[in-house]
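Below is one structure; the comments refer to it alone.
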Amino acid sequence: MTETPGPKAANGEVCQRAKNGLKPERNGSARSLHRPHEWPPQEKEEVHAASHHDRLYSRPFVESFEETPMLVAVLTYMGYGILTIFGYLRDFLRHWKIESCHIAREKEEQQDFVPLYQDFENFYTRNLYMRIRDNWNRPICSVPGAKMDLMERVSPDFNWTFKYSGRVVPDVINLGSYNYLGFAENKGPCADAAAQVTMTYGVGVASTRQEIGNLDRHEEMEKLVAKFLGVESAMAFGMGFATNSMNIPALVGKGCLILSDELNHASLVLGARLSGSAIRVFKHNNMQSLEKLLREAIVHGQPRTHRPWKKILIVVEGIYSMEGSIVRLPEVIALKKRYRAYLYLDEAHSIGALGPRGRGVVDYFGLDPRDVDVLMGTFTKSFGAAGGYIAGKRELIEYLRSHSHSAVYATSMSPPVVEQIITSMKCIMGEDGTTIGCDRVRQLADNTVYFRKRLREMGFIIYGNNDSPVIPMMLYMPAKIGAFGREMLKRNIGVVVVGFPATPIIESRARFCISAAHTKDMLNRALGVISEVGDLLQLKYSRRRIRPSLARPFDDNVYDDVDD
């Protein structure tokens, strides 16, 4: 973990992963940044280095990625090794019908066909994933707000199948939903407006926007989104995943180059592959790696012919949902302008959740939204609805209306969903005549800072940016993935646990998503349970201990001098 030593050094540090505390980089000399109250200092940690990009940042930018302890890494590899050995032993027993196998597989007469399942993926599913499958797909039977009700289920055959016991687990504190601003609710102005629109327009449209499915509420929503983002025009889509996967192929194609962050979401990866463009991957949030690829693209051009690329598109996310890190947008924009590339920014997790006005990562850094060529985001998280949007120049949006598969062939968004978006967005903008939206944005920022700080004080290894409401807590070992999820649920805390292949094999984690709907009492109860389970499972891996601060846990000055 790193700390920013003061306002001067806070402006534009470049995030590096370091070994033994220091690692010189091309953009400046690394420095050890230990504070007097932090003891003992972490031997292996990320450090921040002053760079020539200081002037690009107007606020502190602090991210932490503490290196995996060597002993933990060795034990994690050993754990996966033991599971693999026992997996092959069980496969041997299944082959000779000694142990029953419930996994789907090809019939004997189809053995010469192209296999439906990759061998290792199938092996991993039946021997490793199946052991902890009960931690996922848990059915809920209430609003997924700050608290929720879960349907209890049991498995008579070690997670191959599940049966419902008929019991409901009430009032489970929800630390897994992307309900950043708390708009996933069944009462209040948003729910009332959606119910009223349902009575007027119905639930479904049963047509595409280009035929007879274009409602006046759709038009109003898109104008509001453009106003909210500060751009000329916007266009909405019924599915967030398809907003990426179906629109990127409409923007670039053969003869174009996509430069993609290595941790981009699957929807961005799929869209890039479907486009037919050449794809180059740069290291996560590493501007040296991105600039190197940009230079090579300009100098060498396309393979074999060496003709210039038709387009060079940089694809990044606002908040990376598995790392909790925030894109270094000022530097990305500077590189984009220098090399005359285009920028595609996915704000699925950052829109509504970042910035003093909830306008996302562009607002967070105080940048001009016109510097981003393609602004993408979803309504599924901060707005408590469904779908996604593309925003930018009017010419871009008009082009997508006639060329995007998601626009031409997809059914229009449901009217109550549209109304949920309109009402929640007006609430954030203050156009409803209240300060509810502004208060929720501020509350989310306070909750995020408080929760991250307390977890670090307890000794957990936490990834990501200090201001990111996505908070990964490292578990590492495969056995602790399932154990952590189960022990937390026993104590009425619902969490999301993630392991390989969604993460690197030695970086399994729990991912907490903080909401403005969480009260201080809820957070303190969750923190107490996390600490208890952390002691039980020995999850407090951090070698750096931070003494609890005497300062107020909720700082009213997270965002000062906000001028909306």
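Labeling convention for the structure tokens: chains A, B, ... as they appear, residues from 1 per chain, ligands from 1 in order of appearance.
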All helix (DSSP H, G or I) positions in range 73-251 of chain A, as a PyMOL selection string: chain A and resi 73-95+108-110+119-127+129-135+189-201+216-229+240-251
Sorted per-residue table, range 129-221 of chain A near range 436-446 of chain A, closest atoms and distance, 10 Å, only C-alpha atoms, as JSON lines:
```
{"residue": "A:Tyr180", "atom": "CA", "partner": "A:Leu444", "partner_atom": "CA", "distance": 7.0}
{"residue": "A:Leu181", "atom": "CA", "partner": "A:Arg440", "partner_atom": "CA", "distance": 5.8}
{"residue": "A:Gly182", "atom": "CA", "partner": "A:Arg440", "partner_atom": "CA", "distance": 7.8}
{"residue": "A:Phe183", "atom": "CA", "partner": "A:Arg440", "partner_atom": "CA", "distance": 9.6}
```
Contacts of range 359-373 of chain A within 10 Å, only C-alpha atoms, excl. fewer than 4 positions in-chain, as a PyMOL selection string: chain A and resi 56-61+228-232+313-314+317-319+326-330+332-334+336-337+341-355+377+391-393+396+428-429+441+467
Ala278 in chain A surroundings by only C-alpha atoms, 9 Å radius, close-in-sequence under 6 positions cut, as a ChimeraX atom specification: /A:253-259,272,302
Nearby residues (only C-alpha atoms) at most 9 Å from Phe241 in chain A, same-chain spacing under 4 positions excluded, as a list of chain:residue names: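 Listed by chain and then number, they are A:Ser245, A:Met246, A:Ala266, A:Ser267, A:Leu268, A:Thr378, A:Gly387, A:Gly388.
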Residues near Val154 in chain A, cut-off 8 Å, only C-alpha atoms, skip fewer than 2 positions along chain, as a VMD selection string: chain A and resid 152 156 162 to 165
How about saving the chosen residues, all heavy atoms kept, as an mmCIF file, in the first residue's frame?
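Now in result.cif:
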```
data_model
loop_
_atom_site.group_PDB
_atom_site.id
_atom_site.type_symbol
_atom_site.label_atom_id
_atom_site.label_comp_id
_atom_site.auth_asym_id
_atom_site.auth_seq_id
_atom_site.Cartn_x
_atom_site.Cartn_y
_atom_site.Cartn_z
ATOM 1 N N GLU A 152 -32.737 -20.178 1.226
ATOM 2 C CA GLU A 152 -31.769 -21.191 1.641
ATOM 3 C C GLU A 152 -31.857 -22.414 0.728
ATOM 4 O O GLU A 152 -32.943 -22.825 0.338
ATOM 5 C CB GLU A 152 -32.036 -21.613 3.077
ATOM 6 C CG GLU A 152 -30.990 -22.555 3.629
ATOM 7 C CD GLU A 152 -31.311 -22.992 5.047
ATOM 8 O OE1 GLU A 152 -32.332 -23.698 5.231
ATOM 9 O OE2 GLU A 152 -30.563 -22.621 5.968
ATOM 10 N N PRO A 156 -27.547 -32.328 -1.701
ATOM 11 C CA PRO A 156 -27.361 -33.698 -1.211
ATOM 12 C C PRO A 156 -26.195 -34.423 -1.874
ATOM 13 O O PRO A 156 -25.865 -35.545 -1.480
ATOM 14 C CB PRO A 156 -28.694 -34.371 -1.565
ATOM 15 C CG PRO A 156 -29.152 -33.649 -2.802
ATOM 16 C CD PRO A 156 -28.664 -32.234 -2.669
ATOM 17 N N PHE A 162 -28.923 -28.688 -6.316
ATOM 18 C CA PHE A 162 -29.376 -27.990 -5.113
ATOM 19 C C PHE A 162 -30.873 -28.176 -4.939
ATOM 20 O O PHE A 162 -31.623 -28.296 -5.903
ATOM 21 C CB PHE A 162 -29.059 -26.487 -5.206
ATOM 22 C CG PHE A 162 -27.592 -26.172 -5.174
ATOM 23 C CD1 PHE A 162 -26.892 -25.933 -6.349
ATOM 24 C CD2 PHE A 162 -26.907 -26.112 -3.971
ATOM 25 C CE1 PHE A 162 -25.541 -25.645 -6.334
ATOM 26 C CE2 PHE A 162 -25.558 -25.821 -3.935
ATOM 27 C CZ PHE A 162 -24.873 -25.590 -5.118
ATOM 28 N N LYS A 163 -31.309 -28.183 -3.677
ATOM 29 C CA LYS A 163 -32.717 -28.220 -3.334
ATOM 30 C C LYS A 163 -33.007 -27.094 -2.362
ATOM 31 O O LYS A 163 -32.178 -26.763 -1.510
ATOM 32 C CB LYS A 163 -33.081 -29.567 -2.699
ATOM 33 C CG LYS A 163 -32.936 -30.767 -3.620
ATOM 34 C CD LYS A 163 -33.321 -32.051 -2.915
ATOM 35 C CE LYS A 163 -33.182 -33.258 -3.841
ATOM 36 N NZ LYS A 163 -33.540 -34.525 -3.140
ATOM 37 N N TYR A 164 -34.190 -26.497 -2.506
ATOM 38 C CA TYR A 164 -34.578 -25.413 -1.624
ATOM 39 C C TYR A 164 -35.215 -25.986 -0.360
ATOM 40 O O TYR A 164 -36.105 -26.843 -0.416
ATOM 41 C CB TYR A 164 -35.537 -24.464 -2.332
ATOM 42 C CG TYR A 164 -34.914 -23.775 -3.520
ATOM 43 C CD1 TYR A 164 -35.296 -24.092 -4.815
ATOM 44 C CD2 TYR A 164 -33.924 -22.810 -3.331
ATOM 45 C CE1 TYR A 164 -34.718 -23.473 -5.910
ATOM 46 C CE2 TYR A 164 -33.336 -22.181 -4.413
ATOM 47 C CZ TYR A 164 -33.731 -22.517 -5.698
ATOM 48 O OH TYR A 164 -33.140 -21.899 -6.775
ATOM 49 N N SER A 165 -34.752 -25.484 0.781
ATOM 50 C CA SER A 165 -35.255 -25.978 2.065
ATOM 51 C C SER A 165 -36.583 -25.344 2.444
ATOM 52 O O SER A 165 -37.260 -25.832 3.356
ATOM 53 C CB SER A 165 -34.224 -25.693 3.165
ATOM 54 O OG SER A 165 -34.073 -24.286 3.353
#
```
Nearby residues (only C-alpha atoms) at most 7 Å from Val203 in chain A, same-chain spacing under 2 positions excluded, as a list in words: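 Residues meeting the cut-off are Thr198, Tyr201, Ser414, Pro415 and Pro416 of chain A.
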Could the residues in this selection be written to a file with N, CA and C atoms, as a PDB file, in the first residue's frame?
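Done, and the output landed in result.pdb:
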```pdb
ATOM      1  N   THR A 198     -45.609   2.376 -16.130  1.00  0.00           N
ATOM      2  CA  THR A 198     -46.083   1.038 -16.486  1.00  0.00           C
ATOM      3  C   THR A 198     -47.591   1.044 -16.748  1.00  0.00           C
ATOM      4  N   TYR A 201     -47.781   3.081 -20.334  1.00  0.00           N
ATOM      5  CA  TYR A 201     -47.158   2.523 -21.531  1.00  0.00           C
ATOM      6  C   TYR A 201     -47.119   0.997 -21.547  1.00  0.00           C
ATOM      7  N   SER A 414     -37.595  -1.289 -22.114  1.00  0.00           N
ATOM      8  CA  SER A 414     -38.893  -1.314 -21.443  1.00  0.00           C
ATOM      9  C   SER A 414     -39.203   0.055 -20.840  1.00  0.00           C
ATOM     10  N   PRO A 415     -40.433   0.564 -20.986  1.00  0.00           N
ATOM     11  CA  PRO A 415     -40.781   1.893 -20.469  1.00  0.00           C
ATOM     12  C   PRO A 415     -40.519   2.096 -18.974  1.00  0.00           C
ATOM     13  N   PRO A 416     -40.868   1.148 -18.083  1.00  0.00           N
ATOM     14  CA  PRO A 416     -40.550   1.389 -16.664  1.00  0.00           C
ATOM     15  C   PRO A 416     -39.055   1.456 -16.382  1.00  0.00           C
TER      16      PRO A 416
END
```
